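Below is work06.cif, which holds mmCIF, C-alpha atoms.
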data_input
loop_
_atom_site.label_atom_id
_atom_site.label_comp_id
_atom_site.auth_asym_id
_atom_site.auth_seq_id
_atom_site.Cartn_x
_atom_site.Cartn_y
_atom_site.Cartn_z
CA MET X 916 0.00 0.00 0.00
CA PRO X 917 1.43 3.44 -0.90
CA LYS X 918 2.17 5.70 2.01
CA SER X 919 -0.26 8.42 0.92
CA LYS X 920 -3.16 5.94 1.15
CA LEU X 921 -2.59 5.33 4.85
CA PRO X 922 -4.82 8.13 6.28
CA ALA X 923 -7.68 7.04 4.02
CA PHE X 924 -7.21 3.44 5.14
CA VAL X 925 -7.14 4.38 8.83
CA SER X 926 -10.23 6.59 8.68
CA THR X 927 -12.25 4.02 6.75
CA PHE X 928 -11.12 1.36 9.21
CA CYS X 929 -12.24 3.51 12.15
CA LEU X 930 -15.69 4.06 10.61
CA CYS X 931 -16.16 0.36 9.83
CA TYR X 932 -15.00 -0.65 13.28
CA LEU X 933 -17.32 1.86 14.94
CA ILE X 934 -20.30 0.49 13.01
CA TRP X 935 -19.25 -3.09 13.85
CA VAL X 936 -19.03 -2.32 17.57
CA LEU X 937 -22.37 -0.49 17.56
CA LEU X 938 -24.06 -3.34 15.71
CA THR X 939 -22.74 -6.17 17.86
CA TRP X 940 -22.69 -4.28 21.20
CA ARG X 941 -20.91 -7.10 22.96
CA PHE X 942 -17.46 -6.28 24.22
CA THR X 943 -15.86 -9.72 24.34
CA ALA X 944 -12.38 -10.22 22.89
CA GLN X 945 -13.71 -12.57 20.22
CA GLU X 946 -16.13 -10.03 18.75
CA LEU X 947 -13.60 -7.19 18.87
CA ILE X 948 -10.83 -9.14 17.12
CA ALA X 949 -13.15 -10.49 14.42
CA GLY X 950 -14.43 -6.96 13.86
CA ALA X 951 -10.89 -5.65 13.47
CA PHE X 952 -10.13 -8.23 10.77
CA VAL X 953 -13.36 -7.58 8.86
CA SER X 954 -12.92 -3.79 9.09
CA ALA X 955 -9.35 -4.04 7.87
CA ALA X 956 -10.43 -6.11 4.87
CA VAL X 957 -13.23 -3.68 4.01
CA ALA X 958 -10.99 -0.64 4.47
CA PHE X 959 -8.23 -2.15 2.34
CA THR X 960 -10.55 -2.77 -0.60
CA THR X 961 -12.77 0.32 -0.45
CA SER X 962 -10.80 3.21 1.04
CA SER X 963 -9.62 4.46 -2.36
CA PHE X 964 -13.26 4.91 -3.47
CA PHE X 965 -14.47 6.21 -0.17
CA ILE X 966 -12.00 8.95 0.74
CA HIS X 967 -11.01 11.58 -1.79
CA GLU X 968 -10.24 14.64 0.28
CA SER X 969 -8.71 15.01 3.72
CA ALA X 970 -9.34 11.86 5.71
CA PHE X 971 -9.71 13.17 9.25
CA TRP X 972 -11.94 16.17 8.62
CA LEU X 973 -14.23 15.38 11.54
CA LEU X 974 -11.39 15.67 14.03
CA ARG X 975 -11.28 19.45 13.70
CA PRO X 976 -13.54 20.70 16.48
CA GLN X 977 -15.12 23.57 14.57
CA ARG X 978 -16.23 21.16 11.83
CA PHE X 979 -17.70 18.78 14.34
CA LEU X 980 -19.58 21.66 15.96
CA ALA X 981 -20.80 22.81 12.53
CA LEU X 982 -22.05 19.28 11.83
CA ALA X 983 -23.85 19.22 15.18
CA ALA X 984 -25.33 22.66 14.46
CA TYR X 985 -26.46 21.54 11.00
CA PHE X 986 -28.57 18.71 12.37
CA PRO X 987 -31.34 20.79 14.02
CA VAL X 988 -31.47 23.09 10.96
CA PHE X 989 -31.96 20.08 8.70
CA LEU X 990 -34.52 18.57 11.07
CA SER X 991 -36.62 21.73 11.18
CA GLU X 992 -36.59 22.00 7.36
CA LEU X 993 -37.53 18.31 7.20
CA VAL X 994 -40.53 18.71 9.51
CA LYS X 995 -41.74 21.83 7.69
CA ALA X 996 -41.52 20.17 4.26
CA ASN X 997 -43.10 16.96 5.57
CA LEU X 998 -46.13 18.83 6.94
CA ASP X 999 -46.44 20.66 3.63
CA VAL X 1000 -46.37 17.49 1.51
CA ALA X 1001 -48.61 15.57 3.92
CA GLY X 1002 -51.11 18.42 3.69
CA ARG X 1003 -51.04 18.19 -0.11
CA CYS X 1004 -51.57 14.42 0.03
CA PHE X 1005 -54.61 14.72 2.29
CA GLY X 1006 -55.91 17.64 0.25
CA GLY X 1007 -56.75 15.36 -2.68
CA CYS X 1008 -53.40 15.61 -4.48
CA ARG X 1009 -54.68 18.22 -6.92
CA ASP X 1010 -52.82 21.08 -5.29
CA VAL X 1011 -49.50 20.46 -7.06
CA ASN X 1012 -47.59 22.57 -9.55
CA PRO X 1013 -44.54 20.47 -10.47
CA GLY X 1014 -41.52 21.55 -12.45
CA ILE X 1015 -37.78 21.11 -12.80
CA VAL X 1016 -35.69 24.13 -11.89
CA LYS X 1017 -31.97 24.64 -12.37
CA VAL X 1018 -30.33 26.28 -9.38
CA PRO X 1019 -26.72 27.42 -8.85
CA VAL X 1020 -24.67 25.91 -6.01
CA GLY X 1021 -21.89 27.78 -4.25
CA LEU X 1022 -20.18 24.81 -2.59
CA LYS X 1023 -16.78 23.73 -3.91
CA SER X 1024 -16.07 20.50 -2.05
CA ASP X 1025 -17.27 17.20 -3.56
CA TYR X 1026 -18.49 15.94 -0.20
CA GLY X 1027 -20.34 19.18 0.45
CA GLN X 1028 -22.10 19.00 -2.94
CA ALA X 1029 -23.05 15.37 -2.39
CA MET X 1030 -24.33 16.10 1.11
CA LEU X 1031 -26.38 19.07 -0.10
CA ALA X 1032 -27.87 17.01 -2.96
CA ASN X 1033 -28.79 14.24 -0.54
CA SER X 1034 -30.30 16.70 1.93
CA ILE X 1035 -32.42 18.22 -0.84
CA THR X 1036 -33.58 14.78 -1.94
CA LEU X 1037 -34.44 13.79 1.62
CA THR X 1038 -36.59 16.87 2.05
CA PRO X 1039 -40.06 15.98 0.74
CA GLY X 1040 -41.13 18.16 -2.18
CA THR X 1041 -37.71 18.39 -3.81
CA ILE X 1042 -35.59 15.73 -5.56
CA THR X 1043 -32.17 16.38 -7.07
CA LEU X 1044 -32.21 14.91 -10.57
CA ASP X 1045 -28.72 15.74 -11.80
CA ILE X 1046 -25.60 17.80 -11.25
CA ALA X 1047 -23.99 19.68 -14.11
CA GLU X 1048 -20.91 21.81 -14.29
CA GLN X 1049 -20.81 24.62 -16.81
CA ALA X 1050 -18.04 27.22 -16.96
CA GLY X 1051 -16.85 26.66 -13.41
CA GLN X 1052 -20.35 26.98 -11.91
CA THR X 1053 -22.11 23.93 -10.50
CA TRP X 1054 -25.83 23.55 -11.16
CA TYR X 1055 -28.42 21.24 -9.67
CA TYR X 1056 -31.52 20.16 -11.56
CA ILE X 1057 -34.21 19.90 -8.92
CA HIS X 1058 -37.71 18.52 -9.34
CA TRP X 1059 -39.94 20.71 -7.22
CA ILE X 1060 -43.50 19.71 -6.39
CA ASP X 1061 -44.77 23.29 -6.10
CA VAL X 1062 -42.83 25.79 -8.19
CA LYS X 1063 -43.10 29.16 -6.50
CA GLU X 1064 -40.14 30.84 -8.20
CA THR X 1065 -38.87 30.34 -11.72
CA ASP X 1066 -35.90 32.66 -11.28
CA ARG X 1067 -32.83 30.52 -10.61
CA GLU X 1068 -31.22 32.41 -7.73
CA LYS X 1069 -34.49 32.99 -5.91
CA ALA X 1070 -35.63 29.39 -6.37
CA GLY X 1071 -32.26 28.17 -5.06
CA GLU X 1072 -32.51 30.43 -2.05
CA ARG X 1073 -35.98 29.10 -1.35
CA ILE X 1074 -35.10 25.41 -1.72
CA LYS X 1075 -31.71 25.20 -0.08
CA GLY X 1076 -30.83 28.58 1.46
CA ARG X 1077 -30.50 27.44 5.06
CA LEU X 1078 -29.18 23.98 4.19
CA GLU X 1079 -26.42 25.36 2.00
CA LYS X 1080 -25.23 27.79 4.67
CA GLY X 1081 -25.07 24.99 7.25
CA ILE X 1082 -23.20 22.64 4.93
CA GLY X 1083 -20.86 25.40 3.81
CA ARG X 1084 -19.79 25.83 7.40
CA ILE X 1085 -18.94 22.12 7.67
CA TRP X 1086 -16.94 21.78 4.45
CA GLU X 1087 -15.37 25.21 4.09
CA MET U 250 -41.88 8.20 28.68
CA ARG U 251 -44.46 5.79 27.27
CA ILE U 252 -46.50 8.83 26.18
CA VAL U 253 -43.54 10.33 24.25
CA VAL U 254 -42.91 6.96 22.58
CA ASP U 255 -46.57 6.62 21.62
CA ILE U 256 -46.71 10.14 20.20
CA LEU U 257 -43.58 9.60 18.09
CA ILE U 258 -44.83 6.28 16.69
CA ALA U 259 -48.28 7.74 15.99
CA ALA U 260 -46.66 10.68 14.15
CA GLY U 261 -44.65 8.19 12.10
CA PHE U 262 -47.82 6.32 11.18
CA PHE U 263 -49.53 9.57 10.25
CA PHE U 264 -46.79 10.58 7.81
CA ALA U 265 -46.58 7.06 6.38
CA LEU U 266 -50.34 7.14 5.78
CA ALA U 267 -50.07 10.55 4.10
CA GLY U 268 -47.22 9.30 1.91
CA ALA U 269 -49.12 6.14 0.95
CA LYS U 270 -52.18 8.17 -0.03
CA GLY U 271 -49.92 10.44 -2.07
CA VAL U 272 -48.21 7.53 -3.84
CA ILE U 273 -51.61 6.24 -4.97
CA GLN U 274 -53.27 9.51 -5.89
CA MET U 275 -50.58 11.87 -7.15
CA PRO U 276 -50.93 12.75 -10.86
CA ASP U 277 -47.52 11.68 -12.24
CA ALA U 278 -44.43 9.61 -11.45
CA PHE U 279 -42.26 12.39 -10.06
CA CYS U 280 -44.93 13.69 -7.72
CA ARG U 281 -45.43 10.13 -6.50
CA MET U 282 -41.73 9.97 -5.65
CA GLN U 283 -42.07 13.21 -3.72
CA ALA U 284 -44.89 11.70 -1.69
CA SER U 285 -42.82 8.59 -1.03
CA THR U 286 -40.01 10.62 0.56
CA CYS U 287 -42.61 11.59 3.16
CA ILE U 288 -42.74 7.93 4.21
CA THR U 289 -39.00 7.42 4.31
CA THR U 290 -38.17 10.56 6.29
CA LEU U 291 -40.57 11.43 9.06
CA GLY U 292 -42.54 8.20 8.69
CA THR U 293 -39.64 5.90 9.46
CA LEU U 294 -37.74 8.42 11.60
CA GLY U 295 -40.71 8.84 13.92
CA VAL U 296 -41.11 5.10 14.36
CA ILE U 297 -37.34 4.62 14.74
CA LEU U 298 -36.99 7.38 17.35
CA GLY U 299 -39.99 6.03 19.23
CA GLY U 300 -38.60 2.51 19.10
CA ALA U 301 -35.17 3.65 20.25
CA LEU U 302 -36.60 5.57 23.21
CA TYR U 303 -38.70 2.53 24.07
CA ALA U 304 -35.60 0.31 23.99
CA PHE U 305 -33.51 2.73 26.07
CA PHE U 306 -35.98 3.68 28.77
CA VAL U 307 -38.71 1.04 28.93
CA MET U 308 -36.86 -2.15 27.96
CA GLY U 309 -33.60 -0.85 29.45
CA SER U 310 -31.57 -2.43 26.65
CA VAL U 311 -28.89 -0.04 25.32
CA GLY U 312 -27.72 -2.45 22.60
CA THR U 313 -31.16 -2.65 20.98
CA GLY U 314 -31.59 1.11 21.07
CA VAL U 315 -28.20 1.73 19.46
CA LYS U 316 -29.02 -0.75 16.70
CA ILE U 317 -32.32 0.97 16.00
CA LEU U 318 -30.63 4.38 15.84
CA LEU U 319 -28.01 2.93 13.47
CA ILE U 320 -30.82 1.80 11.16
CA GLY U 321 -32.07 5.40 11.14
CA VAL U 322 -28.63 6.76 10.23
CA LEU U 323 -28.27 4.21 7.42
CA ILE U 324 -31.71 5.08 6.02
CA LEU U 325 -30.85 8.79 6.09
CA THR U 326 -27.61 8.25 4.18
CA ILE U 327 -28.69 5.59 1.67
CA ASN U 328 -32.29 6.50 0.83
CA PRO U 329 -31.65 9.78 -1.09
CA ILE U 330 -29.19 8.04 -3.40
CA GLY U 331 -31.87 5.56 -4.44
CA ALA U 332 -34.53 8.25 -4.80
CA HIS U 333 -32.22 10.35 -6.95
CA ALA U 334 -31.29 7.38 -9.14
CA ILE U 335 -34.93 6.36 -9.68
CA ALA U 336 -36.05 9.90 -10.53
CA ARG U 337 -33.14 10.48 -12.91
CA GLY U 338 -33.61 7.07 -14.55
CA ALA U 339 -37.32 7.75 -15.00
CA TYR U 340 -36.62 11.10 -16.66
CA HIS U 341 -33.94 9.70 -18.97
CA SER U 342 -36.09 6.74 -20.05
CA GLY U 343 -38.76 9.12 -21.25
CA VAL U 344 -41.26 9.37 -18.39
CA ARG U 345 -43.01 12.75 -18.64
CA PRO U 346 -45.97 14.11 -16.68
CA ASP U 347 -49.34 14.25 -18.48
CA ARG U 348 -49.80 17.88 -17.64
CA GLU U 349 -47.26 20.41 -18.81
CA MET U 350 -44.73 21.24 -16.10
CA GLU U 351 -44.44 24.79 -14.82
CA ILE U 352 -40.79 24.97 -15.88
CA ASP U 353 -38.51 22.26 -17.26
CA ASP U 354 -34.89 23.37 -17.34
CA TYR U 355 -33.65 19.78 -17.48
CA GLY U 356 -35.54 18.91 -20.65
CA ARG U 357 -34.50 22.18 -22.26
CA ASP U 358 -30.82 21.50 -21.62
CA PHE U 359 -30.70 17.81 -22.55
CA ASP U 360 -33.50 17.01 -24.99
CA GLU U 361 -32.09 19.10 -27.80
#
Target encoding structure tokens, full file:
Amino acid sequence: MPKSKLPAFVSTFCLCYLIWVLLTWRFTAQELIAGAFVSAAVAFTTSSFFIHESAFWLLRPQRFLALAAYFPVFLSELVKANLDVAGRCFGGCRDVNPGIVKVPVGLKSDYGQAMLANSITLTPGTITLDIAEQAGQTWYYIHWIDVKETDREKAGERIKGRLEKGIGRIWE
Amino acid sequence: MRIVVDILIAAGFFFALAGAKGVIQMPDAFCRMQASTCITTLGTLGVILGGALYAFFVMGSVGTGVKILLIGVLILTINPIGAHAIARGAYHSGVRPDREMEIDDYGRDFDE
């Protein structure tokens, strides 16, 4: 294994081992050693796909705090959007105005873009269809169940304004 | 604590019911997918949080609660990838809503 791959290997190993320990939740030597072997095998084969940027980003305290601060923001957006879509469903499903808008994204990091796209998809009412890069600017194509804005900047602000700020603080 | 657990699970059922009604009645494929995310987010998260609290405080079994929470984390990370892939695949294989969409930037950029 090349030396530059070591941090990626170690961080993937730590994640796998954490999940193993949480799933088994029995702290006997047998379980812990078997978990170490399995995690090492998984990390050896997959770390090059899994880690592209800095491997230990979570160990910086301000990033960890930003991640913790992002969670309630995301949860409040989730509850709001869920109530909205549930209301539409019980209202006979005629109250929809679907469309696909193209919105600009300010995030530079790959992880940040992926996390934002996944957050948008998880929020009911919006699904990220595709990511495109044109002239240095990243765009998302988002299917929106109730198009309120057709202008790109305003629509983007409405769909992902708070989410993008929270994620930007994590991956800056 | 039992009351909190019951409220969370009931809220989960409510959102799952709303999502199921939406999946059946929504006018086109993409709107149906939007309704289905209602089930996978607050529907399952409500039930999972309720179940985890039940395991922690009523059953007194930390291992079970941690496993349930881990299921929630996995659903939150894996589900949007599947939803995105299904929606994108549907669009690329030619699924279009019956009614004209309000705005369709995607079709304008790629159908030419």
Select, as a ChimeraX atom specification, those residues of chain X with any atom no more than 10 Å from chain U (distances computed using all atoms listed in the file).
/X:934,937-941,990,993-994,996-1018,1029-1030,1032-1045,1055-1065
How many Å lie between atom CA of X:Ile1085 and atom CA of X:Arg978, rounded to one decimal?
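It comes out at 5.1 Å.
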Tell me which protein, DNA and RNA residues are within 10 Å of X:Trp1086, counting all atoms listed in the file, leaving out same-chain ones fewer than 6 positions away, and put them as a count of residues only.
13
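The two atoms in question, atom CA of U:Ala301 and atom CA of U:Ile256, are spaced 13.2 Å apart.
Take atom CA of U:Val253 and atom CA of U:Gly295: the distance between them is 10.8 Å.
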Run the PyMOL selection byres ((chain U and resi 300) around 10) against the file shown and list the residues it catches, as a PyMOL selection string.
chain U and resi 254-255+257-258+294-299+301-305+307+313-314+317-318
Decode the PyMOL selection byres ((chain X and resi 1068-1079) around 7) for the given file into explicit residues and return them as an MDAnalysis selection string.
chainID X and resid 989 1018:1019 1031 1064:1067 1080:1083
Smallest atom-to-atom distance to X:Ser963: which of X:Pro922, X:Gly950, X:Pro976, X:Gly1021, using only C-alpha atoms?
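The closest residue to X:Ser963 is X:Pro922.
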Around all listed atoms of stretch 1030-1033 of chain X, padded 4 Å per side, what centre and edge lengths does the axis-aligned box have in Å to one decimal, as JSON?
{"center_x": -26.6, "center_y": 16.7, "center_z": -0.9, "size_x": 12.5, "size_y": 12.8, "size_z": 12.1}
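Closest to U:Ala259 among U:Thr293, U:Gly309, U:Ala278, U:His341 is U:Thr293, based on all atoms listed in the file.
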Best match for closeness to X:Val1020 among X:Phe952, X:Trp1054, X:Tyr932, X:Tyr985, counting only C-alpha atoms
X:Trp1054
